[in-house]
$ cat input_32.txt   # compact mmCIF, C-alpha atoms
# COMPACT_ATOMS: atom_id res chain seq x y z
CA MET C 234 1.70 29.19 10.01
CA SER C 235 3.54 25.87 9.75
CA MET C 236 1.90 24.70 12.97
CA THR C 237 -1.47 25.67 11.55
CA TRP C 238 -0.88 23.64 8.40
CA THR C 239 0.47 20.74 10.47
CA SER C 240 -2.55 20.80 12.76
CA ALA C 241 -4.92 21.00 9.80
CA PHE C 242 -3.19 18.08 8.10
CA GLY C 243 -3.34 16.04 11.30
CA ARG C 244 -7.03 16.78 11.75
CA GLY C 245 -7.70 15.94 8.11
CA CYS C 246 -5.94 12.59 8.43
CA GLY C 247 -7.87 11.89 11.62
CA VAL C 248 -11.19 12.69 9.96
CA LEU C 249 -10.32 10.48 6.98
CA LEU C 250 -9.26 7.61 9.23
CA ASP C 251 -12.46 7.92 11.30
CA ALA C 252 -14.53 7.87 8.11
CA ILE C 253 -12.76 4.72 6.90
CA VAL C 254 -13.26 3.05 10.28
CA ARG C 255 -16.97 3.94 10.30
CA TRP C 256 -17.38 2.58 6.77
CA LEU C 257 -15.62 -0.68 7.65
CA ALA C 258 -17.68 -0.98 10.83
CA LEU C 259 -20.93 -0.42 8.93
CA ALA C 260 -19.84 -3.03 6.40
CA GLN C 261 -19.52 -5.47 9.32
CA ILE C 262 -16.03 -6.51 8.25
CA ASN C 263 -14.50 -8.81 10.83
CA PRO C 264 -11.49 -7.06 12.42
CA ASN C 265 -9.60 -10.36 12.32
CA VAL C 266 -9.85 -10.28 8.53
CA LEU C 267 -8.19 -6.85 8.53
CA THR C 268 -5.48 -8.20 10.82
CA PHE C 269 -4.85 -11.11 8.45
CA LEU C 270 -4.72 -8.78 5.44
CA GLY C 271 -1.85 -7.00 7.19
CA LEU C 272 0.06 -10.29 7.13
CA VAL C 273 -0.73 -10.75 3.43
CA VAL C 274 0.65 -7.29 2.64
CA ASN C 275 3.80 -7.94 4.69
CA THR C 276 4.28 -11.20 2.81
CA ILE C 277 4.32 -9.19 -0.42
CA ALA C 278 7.11 -7.07 1.08
CA ALA C 279 8.97 -10.27 1.94
CA PHE C 280 8.78 -11.42 -1.69
CA LEU C 281 10.13 -8.05 -2.83
CA PHE C 282 13.05 -8.37 -0.42
CA GLY C 283 13.71 -11.97 -1.37
CA TYR C 284 13.75 -11.52 -5.13
CA ALA C 285 15.89 -8.38 -5.22
CA ASN C 286 19.28 -8.72 -6.87
CA GLY C 287 22.30 -6.54 -7.49
CA ASP C 288 20.77 -4.47 -10.26
CA SER C 289 17.27 -4.20 -8.80
CA GLN C 290 18.12 -4.16 -5.09
CA ALA C 291 17.56 -0.46 -4.44
CA ARG C 292 14.30 -0.40 -6.41
CA MET C 293 12.89 -3.61 -4.94
CA PHE C 294 13.84 -2.58 -1.40
CA ARG C 295 12.15 0.78 -1.95
CA TYR C 296 8.98 -0.96 -3.11
CA ALA C 297 9.14 -3.25 -0.07
CA GLY C 298 9.46 -0.26 2.23
CA LEU C 299 6.41 1.36 0.67
CA VAL C 300 4.45 -1.89 0.99
CA ILE C 301 5.36 -2.12 4.70
CA ILE C 302 4.15 1.46 5.16
CA GLY C 303 0.89 0.38 3.50
CA SER C 304 0.58 -2.58 5.86
CA GLY C 305 0.52 -0.11 8.73
CA PHE C 306 -2.98 0.88 7.62
CA PHE C 307 -4.30 -2.49 8.78
CA ASP C 308 -2.51 -2.13 12.12
CA LEU C 309 -4.21 1.24 12.52
CA VAL C 310 -7.75 0.20 11.69
CA ASP C 311 -8.26 -3.36 12.97
CA GLY C 312 -8.54 -2.40 16.64
CA ARG C 313 -10.54 0.75 15.86
CA VAL C 314 -12.99 -1.22 13.72
CA ALA C 315 -13.35 -3.80 16.49
CA ARG C 316 -14.29 -1.07 18.98
CA ALA C 317 -16.54 0.81 16.53
CA SER C 318 -18.47 -2.34 15.60
CA ASN C 319 -18.52 -3.74 19.15
CA GLN C 320 -16.48 -6.76 18.08
CA VAL C 321 -13.75 -6.51 20.70
CA THR C 322 -12.87 -10.00 21.93
CA ARG C 323 -10.03 -11.56 23.88
CA PHE C 324 -9.39 -13.85 20.92
CA GLY C 325 -9.05 -10.80 18.68
CA GLY C 326 -6.22 -9.46 20.85
CA PHE C 327 -4.56 -12.87 20.86
CA PHE C 328 -4.95 -13.26 17.09
CA ASP C 329 -3.53 -9.78 16.49
CA SER C 330 -0.42 -10.62 18.54
CA VAL C 331 0.12 -13.92 16.73
CA ILE C 332 -0.28 -12.36 13.28
CA ASP C 333 2.11 -9.54 14.22
CA ARG C 334 4.78 -12.15 14.98
CA TYR C 335 4.23 -13.80 11.59
CA SER C 336 4.33 -10.40 9.88
CA ASP C 337 7.68 -9.57 11.52
CA ALA C 338 9.10 -12.98 10.66
CA SER C 339 7.95 -12.73 7.04
CA GLN C 340 9.94 -9.53 6.49
CA PHE C 341 13.12 -11.02 7.92
CA PHE C 342 12.53 -14.26 6.03
CA GLY C 343 12.53 -12.24 2.82
CA LEU C 344 15.83 -10.67 3.83
CA LEU C 345 17.21 -14.12 4.65
CA LEU C 346 16.36 -15.22 1.12
CA PHE C 347 17.98 -12.09 -0.33
CA TYR C 348 21.27 -12.61 1.50
CA ALA C 349 21.27 -16.37 0.85
CA ARG C 350 20.83 -15.80 -2.89
CA GLY C 351 23.77 -13.40 -2.76
CA ASP C 352 25.98 -15.90 -0.86
CA ARG C 353 26.38 -13.46 2.02
CA PHE C 354 26.53 -16.02 4.82
CA PHE C 355 27.37 -13.56 7.59
CA TYR C 356 24.24 -11.50 6.91
CA VAL C 357 22.14 -14.66 6.71
CA VAL C 358 23.26 -15.42 10.27
CA LEU C 359 22.72 -11.80 11.36
CA THR C 360 19.22 -11.69 9.88
CA ALA C 361 18.35 -15.01 11.54
CA PHE C 362 19.57 -13.61 14.85
CA VAL C 363 17.47 -10.48 14.36
CA MET C 364 14.40 -12.62 13.60
CA VAL C 365 14.85 -14.63 16.79
CA SER C 366 15.58 -11.49 18.83
CA ALA C 367 12.43 -9.77 17.56
CA ILE C 368 10.34 -12.77 18.61
CA MET C 369 12.07 -12.92 22.01
CA VAL C 370 11.32 -9.24 22.68
CA SER C 371 7.62 -10.04 22.35
CA TYR C 372 7.84 -13.37 24.16
CA THR C 373 9.67 -11.99 27.20
CA ARG C 374 7.02 -9.31 27.61
CA ALA C 375 4.14 -11.80 27.24
CA ARG C 376 5.71 -14.30 29.63
CA ALA C 377 6.63 -11.62 32.16
CA GLU C 378 3.14 -10.13 32.12
CA SER C 379 1.70 -13.55 32.94
CA LEU C 380 3.73 -13.33 36.16
CA ILE C 381 3.94 -9.67 37.18
CA GLY C 382 1.09 -7.93 35.33
CA SER C 383 3.07 -5.40 33.27
CA CYS C 384 6.46 -5.41 31.58
CA ARG C 385 6.73 -2.48 29.19
CA VAL C 386 10.41 -1.78 29.79
CA GLY C 387 12.87 -1.68 26.93
CA PHE C 388 12.97 0.28 23.71
CA MET C 389 13.01 -2.03 20.70
CA GLU C 390 9.37 -3.05 20.29
CA ARG C 391 7.47 -3.68 17.07
CA PRO C 392 6.80 -0.02 16.05
CA GLU C 393 10.49 0.84 16.43
CA ARG C 394 11.52 -2.24 14.42
CA LEU C 395 9.08 -1.37 11.66
CA VAL C 396 10.35 2.19 11.43
CA LEU C 397 13.95 0.99 11.19
CA VAL C 398 13.14 -1.66 8.56
CA ILE C 399 11.23 0.95 6.52
CA ILE C 400 14.19 3.35 6.72
CA GLY C 401 16.62 0.59 5.73
CA ALA C 402 14.43 -0.41 2.80
CA LEU C 403 13.69 3.07 1.46
CA PHE C 404 17.32 4.18 1.63
CA ASN C 405 18.82 0.77 0.78
CA ARG C 406 20.78 0.70 4.04
CA MET C 407 19.53 -2.55 5.51
CA ALA C 408 22.84 -3.84 6.87
CA PRO C 409 23.31 -1.11 9.53
CA VAL C 410 19.61 -1.34 10.37
CA LEU C 411 19.98 -5.07 11.07
CA TRP C 412 22.94 -4.40 13.34
CA LEU C 413 20.96 -1.74 15.22
CA ILE C 414 17.92 -3.99 15.66
CA ALA C 415 20.13 -6.90 16.77
CA VAL C 416 21.87 -4.85 19.45
CA LEU C 417 18.83 -2.97 20.75
CA SER C 418 16.60 -6.07 20.71
CA THR C 419 19.17 -7.99 22.74
CA ILE C 420 19.43 -5.12 25.23
CA THR C 421 15.62 -5.02 25.49
CA VAL C 422 15.41 -8.77 26.17
CA ILE C 423 18.11 -8.54 28.86
CA HIS C 424 16.35 -5.52 30.39
CA ARG C 425 13.05 -7.41 30.57
CA ILE C 426 14.69 -10.48 32.07
CA ARG C 427 16.35 -8.35 34.76
CA TYR C 428 13.16 -6.35 35.41
CA THR C 429 11.11 -9.54 35.81
CA TRP C 430 13.75 -11.04 38.10
CA THR C 431 13.69 -8.01 40.40
CA ARG C 432 9.88 -7.98 40.45
CA THR C 433 9.55 -11.70 41.19
CA GLU C 434 12.45 -11.97 43.66
CA GLY C 435 10.56 -10.30 46.48
CA VAL C 436 7.38 -12.27 45.78
CA ASP C 437 9.25 -15.59 45.71
CA ALA C 438 11.11 -14.73 48.90
CA ALA C 439 7.95 -13.84 50.86
CA PRO C 440 6.58 -17.41 51.31
CA HIS C 441 10.06 -18.59 52.36
CA LYS C 442 10.28 -15.88 55.01
CA ALA C 443 6.76 -16.64 56.18
CA GLY C 444 7.68 -20.32 56.57
CA GLN C 445 10.75 -19.42 58.63
CA ALA C 446 8.68 -17.15 60.85
CA ALA C 447 6.17 -19.95 61.51
$ encode --input "input_32.txt" --output "structure tokens"
Amino acid sequence: MSMTWTSAFGRGCGVLLDAIVRWLALAQINPNVLTFLGLVVNTIAAFLFGYANGDSQARMFRYAGLVIIGSGFFDLVDGRVARASNQVTRFGGFFDSVIDRYSDASQFFGLLLFYARGDRFFYVVLTAFVMVSAIMVSYTRARAESLIGSCRVGFMERPERLVLVIIGALFNRMAPVLWLIAVLSTITVIHRIRYTWTRTEGVDAAPHKAGQAA
């Protein structure tokens, strides 16, 4: 019975999402506008993080977590609307990636402000490291794929980071979440560097061997 209810709920959500996508497509809303709105919503979460204090921390963090969940709606629909309205473009994919980086950075910037206002220097440094690591996870994949075609290795990508940040915000346990993201992001970057090295080593060696043979 539980599976039946779960399946029905899943189908209902799918039908609702499809209806929203069709409505947005019929309204001829530019998918890039939806992508940008996701950044706006994440910026609101950043303000909630940044202006939390000792007495309001748990409440403000909880609100921020809910806002980040809401921002996921725009991540869900922008690509679907682009396909439904035949507005898929290479620029749209590029713009989506750029805005995602700004959205990630905005959340961590809010946390930087929170820890700076509380004179917690160590966590300011940790949050800054997490921000850089999150960007490097995306950069190493993009740079690698310009060389070897595909580099999807590693665990800590944007969806996983978002889930962890949401958990940390809702349960007011951001410090261990930052540690986890810092460690796993670093491992992911190292993994991608090593994977790209192994994939390019043979290609780089081939012309050298060909020259020796000649």
$ closest_residue --input "input_32.txt" --among "C:Phe327, C:Phe269, C:Tyr348, C:Tyr428" --to "Phe282 (chain C)" --atoms "all atoms listed in the file"
C:Tyr348
$ closest_residue --input "input_32.txt" --among "C:Met407, C:Ile426, C:Ala367, C:Val254" --to "Cys384 (chain C)" --atoms "only C-alpha atoms"
C:Ile426
$ closest_residue --input "input_32.txt" --among "C:Ala349, C:Ile381, C:Val321, C:Leu413" --to "Ser366 (chain C)" --atoms "all atoms listed in the file"
C:Leu413
$ closest_residue --input "input_32.txt" --among "C:Arg376, C:Thr419, C:Gly303, C:Asp329" --to "Phe362 (chain C)" --atoms "all atoms listed in the file"
C:Thr419
$ closest_residue --input "input_32.txt" --among "C:Ala260, C:Ile301, C:Val396, C:Leu267" --to "Phe280 (chain C)" --atoms "all atoms listed in the file"
C:Ile301
$ residues_around --input "input_32.txt" --residues "Ala291 (chain C)" --least-positions-apart "2" --cutoff "10 Å" --atoms "all atoms listed in the file" --output "list in words"
Phe282, Ala285, Asn286, Gly287, Asp288, Ser289, Met293, Phe294, Arg295, Tyr296, Ala297, Ala402, Leu403, Phe404, Asn405 and Arg406 of chain C
$ atom_distance --input "input_32.txt" --atom1 "CA of Gly387 (chain C)" --atom2 "CA of Ile420 (chain C)"
7.6 Å
$ residues_near_point --input "input_32.txt" --point "(8.3, -6.5, 21.3)" --cutoff "12 Å" --atoms "all atoms listed in the file" --output "ChimeraX atom specification"
/C:330-331,333-334,337,364-376,384-395,414,417-422,425
$ atom_distance --input "input_32.txt" --atom1 "CA of Ile262 (chain C)" --atom2 "CA of Gln320 (chain C)"
9.8 Å
$ atom_distance --input "input_32.txt" --atom1 "CA of Ser336 (chain C)" --atom2 "CA of Val416 (chain C)"
20.7 Å
$ closest_residue --input "input_32.txt" --among "C:Leu380, C:Ile302, C:Ala415, C:Gly401" --to "Trp430 (chain C)" --atoms "all atoms listed in the file"
C:Leu380
$ axis_aligned_box --input "input_32.txt" --around "region 255-261 of chain C" --padding-each-side "3 Å" --output "AutoDock Vina command-line options"
--center_x -18.3 --center_y -0.8 --center_z 8.6 --size_x 11.3 --size_y 15.4 --size_z 10.4
$ residues_around --input "input_32.txt" --residues "region 350-361 of chain C" --least-positions-apart "6" --cutoff "8 Å" --atoms "all atoms listed in the file" --output "PyMOL selection string"
chain C and resi 286+341+344+408+411-412+415
$ residues_around --input "input_32.txt" --residues "region 309-311 of chain C" --least-positions-apart "4" --cutoff "9 Å" --atoms "all atoms listed in the file" --output "number ranges by chain"
C: 250, 253-254, 257, 263-268, 305, 315-316, 329
$ residues_near_point --input "input_32.txt" --point "(12.6, -16.3, -3.3)" --cutoff "6 Å" --atoms "only C-alpha atoms" --output "list in words"
Gly283, Tyr284 and Leu346 of chain C
$ decode --input "input_32.txt" --residues "region 302-313 of chain C" --atoms "N, CA and C atoms" --output "tab-separated table (two decimals), in the first residue's frame"
chain	number	residue	atom	x	y	z
C	302	ILE	N	15.42	25.22	-0.88
C	302	ILE	CA	14.55	24.18	-1.45
C	302	ILE	C	13.67	24.80	-2.54
C	303	GLY	N	13.12	25.99	-2.26
C	303	GLY	CA	12.29	26.67	-3.24
C	303	GLY	C	13.05	27.02	-4.50
C	304	SER	N	14.33	27.36	-4.36
C	304	SER	CA	15.13	27.72	-5.53
C	304	SER	C	15.31	26.53	-6.46
C	305	GLY	N	15.19	25.32	-5.89
C	305	GLY	CA	15.31	24.12	-6.72
C	305	GLY	C	14.24	24.04	-7.79
C	306	PHE	N	13.10	24.71	-7.56
C	306	PHE	CA	12.03	24.72	-8.56
C	306	PHE	C	12.54	25.28	-9.88
C	307	PHE	N	13.34	26.36	-9.80
C	307	PHE	CA	13.83	26.99	-11.03
C	307	PHE	C	14.86	26.10	-11.72
C	308	ASP	N	15.65	25.36	-10.93
C	308	ASP	CA	16.58	24.40	-11.52
C	308	ASP	C	15.83	23.29	-12.25
C	309	LEU	N	14.67	22.94	-11.72
C	309	LEU	CA	13.87	21.87	-12.33
C	309	LEU	C	13.23	22.29	-13.64
C	310	VAL	N	12.75	23.54	-13.69
C	310	VAL	CA	11.90	23.91	-14.81
C	310	VAL	C	12.62	24.63	-15.95
C	311	ASP	N	13.77	25.27	-15.69
C	311	ASP	CA	14.35	26.09	-16.76
C	311	ASP	C	14.70	25.27	-18.00
C	312	GLY	N	15.36	24.12	-17.79
C	312	GLY	CA	15.70	23.28	-18.93
C	312	GLY	C	14.48	22.67	-19.59
C	313	ARG	N	13.50	22.26	-18.77
C	313	ARG	CA	12.28	21.67	-19.31
C	313	ARG	C	11.50	22.68	-20.15
